[in-house]
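Source file: coords32.csv (CSV, C-alpha atoms)
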chain,number,residue,atom,x,y,z
R,1,TYR,CA,23.2,-86.9,54.9
R,2,ASP,CA,25.7,-84.3,53.8
R,3,GLU,CA,24.5,-83.6,50.3
R,4,PHE,CA,21.1,-82.6,51.6
R,5,ASP,CA,22.7,-80.0,53.9
R,6,ASP,CA,24.8,-78.5,51.1
R,7,TYR,CA,21.7,-78.3,48.9
R,8,GLU,CA,19.8,-76.4,51.7
R,9,TYR,CA,22.5,-73.9,52.3
R,10,GLY,CA,23.2,-73.5,48.6
R,11,GLU,CA,19.7,-72.6,47.8
R,12,TYR,CA,19.4,-70.3,50.9
R,13,SER,CA,22.5,-68.3,50.0
R,14,LYS,CA,21.1,-67.6,46.5
R,15,MET,CA,17.9,-66.1,48.0
R,16,SER,CA,17.6,-62.3,48.0
R,17,LEU,CA,15.1,-60.5,50.2
R,18,LYS,CA,13.1,-57.5,49.2
R,19,THR,CA,11.0,-55.8,51.8
R,20,LEU,CA,7.8,-54.0,51.0
R,21,SER,CA,6.7,-50.8,52.7
R,22,LYS,CA,3.4,-49.0,52.6
R,23,ASP,CA,3.4,-45.3,51.8
R,24,GLY,CA,0.8,-42.9,53.3
R,25,LYS,CA,-1.8,-44.0,50.7
R,26,GLY,CA,-1.4,-47.7,51.6
R,27,ASN,CA,0.4,-48.5,48.3
R,28,LYS,CA,3.1,-51.1,48.6
R,29,GLN,CA,6.5,-50.3,47.1
R,30,ALA,CA,9.7,-52.2,47.1
R,31,VAL,CA,12.5,-51.0,49.4
R,32,SER,CA,15.9,-51.4,48.0
R,33,ASP,CA,17.7,-54.6,49.0
R,34,THR,CA,21.1,-53.2,48.4
R,35,TYR,CA,23.1,-51.1,50.7
R,36,GLU,CA,24.4,-47.8,49.2
R,37,GLN,CA,27.4,-46.1,50.6
R,38,LYS,CA,27.1,-42.4,51.4
R,39,ALA,CA,29.6,-40.1,49.8
R,40,PRO,CA,32.0,-38.3,52.1
R,41,LYS,CA,30.7,-34.9,53.4
R,42,THR,CA,33.4,-33.1,51.4
R,43,VAL,CA,31.4,-34.1,48.2
R,44,LYS,CA,28.5,-31.7,48.0
R,45,LYS,CA,25.2,-32.7,46.5
R,46,THR,CA,24.2,-31.2,43.2
R,47,SER,CA,21.1,-29.3,42.3
R,48,VAL,CA,19.0,-29.1,39.2
R,49,LYS,CA,19.6,-25.6,37.7
R,50,LYS,CA,17.2,-25.7,34.7
R,51,LEU,CA,14.6,-27.8,33.0
R,52,LYS,CA,13.8,-26.7,29.4
R,53,SER,CA,11.1,-28.3,27.4
R,54,SER,CA,10.5,-28.3,23.7
R,55,GLY,CA,9.4,-30.7,21.0
R,56,GLY,CA,8.6,-33.6,23.3
R,57,LYS,CA,12.0,-33.5,25.0
R,58,VAL,CA,13.4,-32.0,28.2
R,59,ASP,CA,16.9,-30.5,28.6
R,60,ILE,CA,18.1,-31.0,32.2
R,61,THR,CA,21.1,-29.0,33.5
R,62,TRP,CA,22.6,-29.2,37.0
R,63,LYS,CA,25.3,-27.7,39.1
R,64,LYS,CA,28.8,-29.2,39.2
R,65,SER,CA,29.5,-31.2,42.4
R,66,ASN,CA,33.1,-30.9,43.6
R,67,LYS,CA,35.0,-34.2,43.5
R,68,ALA,CA,32.2,-36.1,41.8
R,69,THR,CA,33.1,-38.9,39.4
R,70,GLY,CA,29.7,-38.6,37.6
R,71,TYR,CA,26.0,-38.1,38.0
R,72,GLU,CA,22.7,-40.1,37.9
R,73,VAL,CA,19.6,-38.5,36.4
R,74,TYR,CA,16.2,-39.7,37.7
R,75,MET,CA,12.7,-39.1,36.3
R,76,SER,CA,9.2,-39.8,37.4
R,77,THR,CA,5.6,-38.9,36.5
R,78,LYS,CA,4.8,-38.5,40.3
R,79,LYS,CA,6.3,-35.9,42.6
R,80,ASN,CA,7.3,-38.1,45.5
R,81,SER,CA,7.7,-41.7,44.2
R,82,SER,CA,8.4,-44.0,41.3
R,83,PHE,CA,11.7,-42.3,40.3
R,84,LYS,CA,13.8,-44.4,37.9
R,85,CYS,CA,17.4,-43.7,36.9
R,86,ILE,CA,17.2,-42.7,33.2
R,87,LYS,CA,20.9,-41.9,32.7
R,88,LYS,CA,24.2,-42.5,34.4
R,89,ILE,CA,26.7,-39.8,33.4
R,90,LYS,CA,30.2,-41.2,33.7
R,91,ASN,CA,32.0,-37.9,33.0
R,92,ALA,CA,32.1,-35.4,35.9
R,93,GLY,CA,32.3,-32.5,33.4
R,94,THR,CA,29.0,-33.3,31.8
R,95,LEU,CA,26.3,-31.2,33.4
R,96,LYS,CA,23.5,-31.6,30.9
R,97,TYR,CA,21.2,-34.4,29.6
R,98,THR,CA,18.3,-34.4,27.1
R,99,LYS,CA,15.5,-36.8,27.7
R,100,LYS,CA,13.6,-37.5,24.4
R,101,GLY,CA,10.3,-39.1,23.6
R,102,LEU,CA,8.1,-37.6,26.3
R,103,LYS,CA,4.4,-37.0,26.0
R,104,LYS,CA,3.4,-33.4,25.2
R,105,GLY,CA,1.2,-31.8,27.9
R,106,LYS,CA,2.3,-34.2,30.6
R,107,LYS,CA,4.2,-33.2,33.7
R,108,TYR,CA,7.5,-34.9,34.6
R,109,TYR,CA,9.7,-34.7,37.7
R,110,PHE,CA,13.4,-34.9,37.7
R,111,LYS,CA,16.2,-35.1,40.3
R,112,VAL,CA,20.0,-35.7,40.1
R,113,ARG,CA,22.6,-37.1,42.4
R,114,ALA,CA,26.4,-37.2,42.2
R,115,TYR,CA,28.5,-40.2,42.8
R,116,VAL,CA,32.2,-40.8,43.6
R,117,LYS,CA,34.1,-43.9,42.6
R,118,THR,CA,37.1,-44.8,44.6
R,119,GLY,CA,38.7,-48.0,43.4
R,120,SER,CA,35.8,-50.4,43.2
R,121,THR,CA,33.7,-48.6,45.8
R,122,VAL,CA,30.9,-46.2,44.6
R,123,SER,CA,29.3,-43.8,47.1
R,124,TYR,CA,26.4,-41.4,46.5
R,125,THR,CA,25.4,-37.9,47.6
R,126,ASP,CA,21.9,-37.1,48.6
R,127,TYR,CA,19.4,-36.4,45.8
R,128,SER,CA,18.9,-32.9,44.6
R,129,LYS,CA,15.5,-31.3,45.2
R,130,VAL,CA,12.8,-32.5,42.8
R,131,LYS,CA,12.0,-30.1,39.9
R,132,SER,CA,9.1,-30.5,37.5
R,133,VAL,CA,8.4,-29.4,33.9
R,134,LYS,CA,5.4,-29.7,31.6
R,135,VAL,CA,6.4,-31.0,28.2
R,136,LYS,CA,5.8,-28.7,25.3

Kindly present the structure from the file in structure tokens form.
Amino acid sequence: YDEFDDYEYGEYSKMSLKTLSKDGKGNKQAVSDTYEQKAPKTVKKTSVKKLKSSGGKVDITWKKSNKATGYEVYMSTKKNSSFKCIKKIKNAGTLKYTKKGLKKGKKYYFKVRAYVKTGSTVSYTDYSKVKSVKVK
């Protein structure tokens, strides 16, 4: 019965798989189900130059990456996990971002990575080293 076969394959093709991995503490965390292309070696990764905190906000500045199309800024309340992209900078000349609405007295961790867009393909550099700041 042909319609049954089409239905089976149709449903199967819509399915997306996410894998869970356990970190050293036994916590499960989702591993990305998308493949990210690595930027060419000629594009150097960026590094966080400065984190400045005042009035419940943090100013993040980073080094320019040669040939980058833009940057992604990530933030977490943990040093080694739970980073979320908080801003995608689409202008390669922009090297600063201000994150507002943070809790005073709490420590936040930031990292940045550059990306290169060639046609419809986007490739990413490695992440910068993680830097932390206590919000004032």

inquiry  = Counting all atoms listed in the file, which residue out of R:Gln37, R:Ser47, R:Thr118, R:Ser132 sits closest to R:Tyr71?
reply    = R:Ser47

ask   = What is the distance between atom CA of R:Trp62 and atom CA of R:Lys111, in Å to one decimal?
value = 9.3 Å

Among listed residues R:Ile86, R:Val130, R:Val48, R:Val116, nearest R:Val73 (using all atoms listed in the file) = R:Ile86

message = Can you tell me which residues surround R:Lys50 at a distance of at most 12 Å, considering only C-alpha atoms, apart from same-chain residues fewer than 4 positions away, and format the answer as a PyMOL selection string?
response = chain R and resi 58-63+95-98+110-112+130-133

key: Interatomic distance, atom CA of R:Lys45 to atom CA of R:Lys136 (Å, one decimal)   = 29.0 Å

ask   = Rounded to one decimal in Å, what is the spacing between atom CA of R:Gly105 and atom CA of R:Cys85?
value =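 Atom CA of R:Cys85 lies at a distance of 22.0 Å from atom CA of R:Gly105.
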
inquiry  = For a quick check of understanding, using all atoms listed in the file, which of R:Lys44, R:Thr69, R:Lys49, R:Lys134 has the smallest distance to R:Lys106?
reply    =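 For R:Lys106, the nearest of the given residues is R:Lys134.
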
task = Would you be able to write out as an NGL selection string which residues have an atom within 8 Å of (31.9, -41.0, 37.7) in the file's coordinates, counting only C-alpha atoms?
result = :R and (68-71 or 89-92 or 115-117)

key: Pick from R:Lys79, R:Lys88, R:Lys41, R:Lys129 nearest to R:Lys67, counting only C-alpha atoms   =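 Among the listed residues, the smallest separation from R:Lys67 belongs to R:Lys41.
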
remark   = For R:Arg113, the closest of R:Ser82, R:Ser65, R:Ser54, R:Thr77 counting only C-alpha atoms is R:Ser65

key: Nearest-residue call for R:Ala114, choices R:Lys64, R:Asn80, R:Lys57, R:Lys52, using all atoms listed in the file   =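 With all atoms listed in the file as the atom set, the closest residue is R:Lys64.
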